[in-house]
$ cat upload32.pdb   # PDB, N, CA and C atoms
ATOM      1  N   MET A 221     190.688 -58.010 173.777
ATOM      2  CA  MET A 221     189.433 -57.478 174.259
ATOM      3  C   MET A 221     188.313 -58.479 173.999
ATOM      4  N   LEU A 222     187.323 -58.401 174.850
ATOM      5  CA  LEU A 222     186.139 -59.246 174.721
ATOM      6  C   LEU A 222     184.916 -58.370 174.964
ATOM      7  N   ALA A 223     184.026 -58.307 173.996
ATOM      8  CA  ALA A 223     182.804 -57.510 174.118
ATOM      9  C   ALA A 223     181.640 -58.419 174.483
ATOM     10  N   LEU A 224     180.997 -58.126 175.616
ATOM     11  CA  LEU A 224     179.808 -58.841 176.065
ATOM     12  C   LEU A 224     178.697 -57.824 176.321
ATOM     13  N   GLU A 225     177.497 -58.311 176.557
ATOM     14  CA  GLU A 225     176.366 -57.403 176.793
ATOM     15  C   GLU A 225     176.583 -56.485 177.983
ATOM     16  N   ASN A 226     177.287 -56.967 179.013
ATOM     17  CA  ASN A 226     177.453 -56.172 180.231
ATOM     18  C   ASN A 226     178.709 -55.313 180.233
ATOM     19  N   GLY A 227     179.506 -55.352 179.171
ATOM     20  CA  GLY A 227     180.678 -54.495 179.116
ATOM     21  C   GLY A 227     181.782 -55.027 178.227
ATOM     22  N   LEU A 228     182.887 -54.311 178.257
ATOM     23  CA  LEU A 228     184.062 -54.635 177.465
ATOM     24  C   LEU A 228     185.162 -55.088 178.415
ATOM     25  N   TYR A 229     185.735 -56.254 178.153
ATOM     26  CA  TYR A 229     186.792 -56.813 178.983
ATOM     27  C   TYR A 229     188.123 -56.604 178.277
ATOM     28  N   ILE A 230     189.086 -56.043 179.008
ATOM     29  CA  ILE A 230     190.354 -55.637 178.420
ATOM     30  C   ILE A 230     191.493 -56.269 179.215
ATOM     31  N   VAL A 231     192.439 -56.900 178.508
ATOM     32  CA  VAL A 231     193.632 -57.435 179.158
ATOM     33  C   VAL A 231     194.794 -56.499 178.835
ATOM     34  N   ASP A 232     195.530 -56.097 179.863
ATOM     35  CA  ASP A 232     196.659 -55.179 179.695
ATOM     36  C   ASP A 232     197.937 -55.999 179.579
ATOM     37  N   SER A 233     198.510 -56.042 178.397
ATOM     38  CA  SER A 233     199.687 -56.881 178.180
ATOM     39  C   SER A 233     200.919 -56.349 178.900
ATOM     40  N   GLY A 234     200.941 -55.082 179.238
ATOM     41  CA  GLY A 234     202.093 -54.507 179.924
ATOM     42  C   GLY A 234     202.134 -54.822 181.407
ATOM     43  N   THR A 235     200.985 -54.737 182.071
ATOM     44  CA  THR A 235     200.950 -54.896 183.529
ATOM     45  C   THR A 235     200.385 -56.230 183.991
ATOM     46  N   GLY A 236     199.597 -56.886 183.144
ATOM     47  CA  GLY A 236     198.929 -58.118 183.553
ATOM     48  C   GLY A 236     197.647 -57.877 184.325
ATOM     49  N   ILE A 237     197.249 -56.621 184.452
ATOM     50  CA  ILE A 237     195.992 -56.292 185.129
ATOM     51  C   ILE A 237     194.872 -56.318 184.094
ATOM     52  N   ASN A 238     193.757 -56.912 184.459
ATOM     53  CA  ASN A 238     192.629 -57.074 183.548
ATOM     54  C   ASN A 238     191.469 -56.195 184.012
ATOM     55  N   TYR A 239     190.834 -55.531 183.059
ATOM     56  CA  TYR A 239     189.806 -54.547 183.371
ATOM     57  C   TYR A 239     188.479 -54.882 182.707
ATOM     58  N   LYS A 240     187.422 -54.398 183.346
ATOM     59  CA  LYS A 240     186.089 -54.438 182.746
ATOM     60  C   LYS A 240     185.591 -53.002 182.652
ATOM     61  N   LEU A 241     185.182 -52.610 181.460
ATOM     62  CA  LEU A 241     184.542 -51.318 181.244
ATOM     63  C   LEU A 241     183.056 -51.594 181.084
ATOM     64  N   SER A 242     182.278 -51.238 182.109
ATOM     65  CA  SER A 242     180.845 -51.549 182.106
ATOM     66  C   SER A 242     180.087 -50.623 181.164
ATOM     67  N   THR A 243     178.847 -50.969 180.917
ATOM     68  CA  THR A 243     178.018 -50.166 180.015
ATOM     69  C   THR A 243     177.747 -48.766 180.569
ATOM     70  N   ASP A 244     177.906 -48.588 181.894
ATOM     71  CA  ASP A 244     177.757 -47.246 182.470
ATOM     72  C   ASP A 244     179.112 -46.526 182.587
ATOM     73  N   LYS A 245     180.118 -47.033 181.850
ATOM     74  CA  LYS A 245     181.450 -46.426 181.710
ATOM     75  C   LYS A 245     182.277 -46.466 182.986
ATOM     76  N   LYS A 246     182.035 -47.450 183.846
ATOM     77  CA  LYS A 246     182.829 -47.619 185.058
ATOM     78  C   LYS A 246     183.918 -48.655 184.781
ATOM     79  N   LEU A 247     185.172 -48.293 185.070
ATOM     80  CA  LEU A 247     186.312 -49.180 184.841
ATOM     81  C   LEU A 247     186.698 -49.853 186.153
ATOM     82  N   THR A 248     186.685 -51.194 186.171
ATOM     83  CA  THR A 248     187.051 -51.945 187.364
ATOM     84  C   THR A 248     188.048 -53.040 186.995
ATOM     85  N   VAL A 249     188.845 -53.452 187.970
ATOM     86  CA  VAL A 249     189.781 -54.562 187.790
ATOM     87  C   VAL A 249     189.028 -55.856 188.037
ATOM     88  N   PHE A 250     189.179 -56.849 187.144
ATOM     89  CA  PHE A 250     188.513 -58.131 187.376
ATOM     90  C   PHE A 250     189.499 -59.273 187.555
ATOM     91  N   GLY A 251     190.771 -58.993 187.607
ATOM     92  CA  GLY A 251     191.758 -60.037 187.848
ATOM     93  C   GLY A 251     193.134 -59.597 187.413
ATOM     94  N   LYS A 252     194.136 -60.381 187.813
ATOM     95  CA  LYS A 252     195.510 -60.090 187.421
ATOM     96  C   LYS A 252     196.160 -61.378 186.955
ATOM     97  N   THR A 253     196.816 -61.301 185.812
ATOM     98  CA  THR A 253     197.561 -62.419 185.254
ATOM     99  C   THR A 253     198.977 -61.926 184.986
ATOM    100  N   GLY A 254     199.766 -62.712 184.313
ATOM    101  CA  GLY A 254     201.119 -62.281 183.993
ATOM    102  C   GLY A 254     201.146 -61.276 182.857
ATOM    103  N   PRO A 255     202.253 -60.552 182.715
ATOM    104  CA  PRO A 255     202.383 -59.622 181.598
ATOM    105  C   PRO A 255     202.417 -60.369 180.267
ATOM    106  N   GLY A 256     202.063 -59.691 179.204
ATOM    107  CA  GLY A 256     202.073 -60.289 177.876
ATOM    108  C   GLY A 256     200.741 -60.841 177.429
ATOM    109  N   ALA A 257     199.668 -60.524 178.149
ATOM    110  CA  ALA A 257     198.340 -61.039 177.784
ATOM    111  C   ALA A 257     197.987 -60.608 176.367
ATOM    112  N   ASP A 258     197.409 -61.554 175.609
ATOM    113  CA  ASP A 258     197.069 -61.227 174.225
ATOM    114  C   ASP A 258     195.703 -61.736 173.779
ATOM    115  N   GLY A 259     194.938 -62.361 174.672
ATOM    116  CA  GLY A 259     193.616 -62.840 174.288
ATOM    117  C   GLY A 259     192.781 -63.212 175.489
ATOM    118  N   ILE A 260     191.471 -63.151 175.312
ATOM    119  CA  ILE A 260     190.545 -63.492 176.396
ATOM    120  C   ILE A 260     189.288 -64.120 175.806
ATOM    121  N   VAL A 261     188.811 -65.192 176.444
ATOM    122  CA  VAL A 261     187.551 -65.828 176.054
ATOM    123  C   VAL A 261     186.743 -66.136 177.308
ATOM    124  N   LEU A 262     185.439 -66.065 177.179
ATOM    125  CA  LEU A 262     184.512 -66.421 178.248
ATOM    126  C   LEU A 262     184.321 -67.933 178.219
ATOM    127  N   VAL A 263     184.491 -68.597 179.380
ATOM    128  CA  VAL A 263     184.323 -70.056 179.432
ATOM    129  C   VAL A 263     183.208 -70.489 180.372
ATOM    130  N   GLY A 264     182.648 -69.568 181.145
ATOM    131  CA  GLY A 264     181.561 -69.848 182.077
ATOM    132  C   GLY A 264     181.078 -68.532 182.652
ATOM    133  N   LYS A 265     180.104 -68.587 183.541
ATOM    134  CA  LYS A 265     179.592 -67.355 184.136
ATOM    135  C   LYS A 265     180.708 -66.674 184.926
ATOM    136  N   ASP A 266     181.129 -65.515 184.460
ATOM    137  CA  ASP A 266     182.212 -64.740 185.074
ATOM    138  C   ASP A 266     183.507 -65.541 185.206
ATOM    139  N   GLN A 267     183.784 -66.404 184.247
ATOM    140  CA  GLN A 267     185.022 -67.186 184.212
ATOM    141  C   GLN A 267     185.657 -67.021 182.832
ATOM    142  N   TYR A 268     186.969 -66.811 182.826
ATOM    143  CA  TYR A 268     187.657 -66.475 181.585
ATOM    144  C   TYR A 268     188.964 -67.244 181.459
ATOM    145  N   LEU A 269     189.378 -67.480 180.223
ATOM    146  CA  LEU A 269     190.725 -67.935 179.917
ATOM    147  C   LEU A 269     191.438 -66.763 179.271
ATOM    148  N   ILE A 270     192.635 -66.483 179.764
ATOM    149  CA  ILE A 270     193.436 -65.393 179.220
ATOM    150  C   ILE A 270     194.767 -65.978 178.777
ATOM    151  N   SER A 271     195.126 -65.735 177.528
ATOM    152  CA  SER A 271     196.383 -66.254 176.986
ATOM    153  C   SER A 271     197.425 -65.143 176.941
ATOM    154  N   SER A 272     198.688 -65.571 176.887
ATOM    155  CA  SER A 272     199.776 -64.602 176.762
ATOM    156  C   SER A 272     200.660 -64.982 175.587
ATOM    157  N   TRP A 273     201.384 -64.013 175.072
ATOM    158  CA  TRP A 273     202.239 -64.249 173.912
ATOM    159  C   TRP A 273     203.334 -65.261 174.216
ATOM    160  N   SER A 274     203.676 -65.467 175.494
ATOM    161  CA  SER A 274     204.722 -66.429 175.865
ATOM    162  C   SER A 274     204.202 -67.864 175.929
ATOM    163  N   GLY A 275     202.899 -68.054 175.675
ATOM    164  CA  GLY A 275     202.326 -69.397 175.643
ATOM    165  C   GLY A 275     201.607 -69.815 176.912
ATOM    166  N   GLU A 276     201.551 -68.954 177.912
ATOM    167  CA  GLU A 276     200.841 -69.276 179.147
ATOM    168  C   GLU A 276     199.343 -69.039 178.966
ATOM    169  N   VAL A 277     198.548 -69.825 179.690
ATOM    170  CA  VAL A 277     197.095 -69.649 179.699
ATOM    171  C   VAL A 277     196.654 -69.583 181.152
ATOM    172  N   TYR A 278     195.881 -68.567 181.489
ATOM    173  CA  TYR A 278     195.394 -68.360 182.852
ATOM    174  C   TYR A 278     193.886 -68.553 182.890
ATOM    175  N   PHE A 279     193.417 -69.185 183.952
ATOM    176  CA  PHE A 279     191.990 -69.280 184.228
ATOM    177  C   PHE A 279     191.683 -68.248 185.294
ATOM    178  N   VAL A 280     190.740 -67.358 185.025
ATOM    179  CA  VAL A 280     190.314 -66.350 185.997
ATOM    180  C   VAL A 280     188.894 -66.701 186.416
ATOM    181  N   ASN A 281     188.713 -66.949 187.733
ATOM    182  CA  ASN A 281     187.394 -67.351 188.220
ATOM    183  C   ASN A 281     186.530 -66.138 188.553
ATOM    184  N   SER A 282     185.332 -66.397 189.022
ATOM    185  CA  SER A 282     184.368 -65.322 189.288
ATOM    186  C   SER A 282     184.790 -64.415 190.439
ATOM    187  N   ASN A 283     185.766 -64.839 191.249
ATOM    188  CA  ASN A 283     186.291 -64.000 192.328
ATOM    189  C   ASN A 283     187.481 -63.166 191.874
ATOM    190  N   GLY A 284     187.881 -63.306 190.608
ATOM    191  CA  GLY A 284     189.023 -62.568 190.084
ATOM    192  C   GLY A 284     190.358 -63.235 190.344
ATOM    193  N   GLU A 285     190.325 -64.451 190.890
ATOM    194  CA  GLU A 285     191.566 -65.180 191.160
ATOM    195  C   GLU A 285     192.018 -65.880 189.890
ATOM    196  N   SER A 286     193.325 -65.854 189.634
ATOM    197  CA  SER A 286     193.838 -66.518 188.433
ATOM    198  C   SER A 286     194.724 -67.689 188.817
ATOM    199  N   LYS A 287     194.694 -68.708 187.949
ATOM    200  CA  LYS A 287     195.504 -69.915 188.167
ATOM    201  C   LYS A 287     196.213 -70.264 186.883
TER
END

$ encode --input "upload32.pdb" --output "structure tokens"
Amino acid sequence: MLALENGLYIVDSGTGINYKLSTDKKLTVFGKTGPGADGIVLVGKDQYLISSWSGEVYFVNSNGESK
């Protein structure tokens, strides 16, 4: 999980779907990575690195696309 002023970012290790819980309690998907996600850090405006327990690291851009 990652807590920022605009909400809480949650990575789902089971499905690989990543969520944002906004301050007004709205849950939205902000990207999809592989299963096993275990960490998230902000690296730029609406850009994140998400790691997985298997050693993979995903870059999620502001459009929600992961690489």

$ residues_around --input "upload32.pdb" --residues "A:Trp273" --least-positions-apart "2" --cutoff "5 Å" --atoms "only N, CA and C atoms" --output "list in words"
Gly256, Ala257, Asp258, Ser271 and Gly275 of chain A

$ resolve_selection --input "upload32.pdb" --expression "the PyMOL selection byres (((chain A and resi 227 and name CA) around 8) and name CA)" --output "number ranges by chain"
A: 223-226, 228-229, 240-243

$ atom_distance --input "upload32.pdb" --atom1 "atom C of A:Val277" --atom2 "atom C of A:Thr248"
19.5 Å

$ residues_around --input "upload32.pdb" --residues "A:Pro255" --least-positions-apart "4" --cutoff "6.5 Å" --atoms "only N, CA and C atoms" --output "list in words"
Asp232, Ser233, Gly234, Thr235, Gly236, Ser272 and Trp273 of chain A

$ atom_distance --input "upload32.pdb" --atom1 "atom N of A:Glu276" --atom2 "atom N of A:Leu247"
27.3 Å
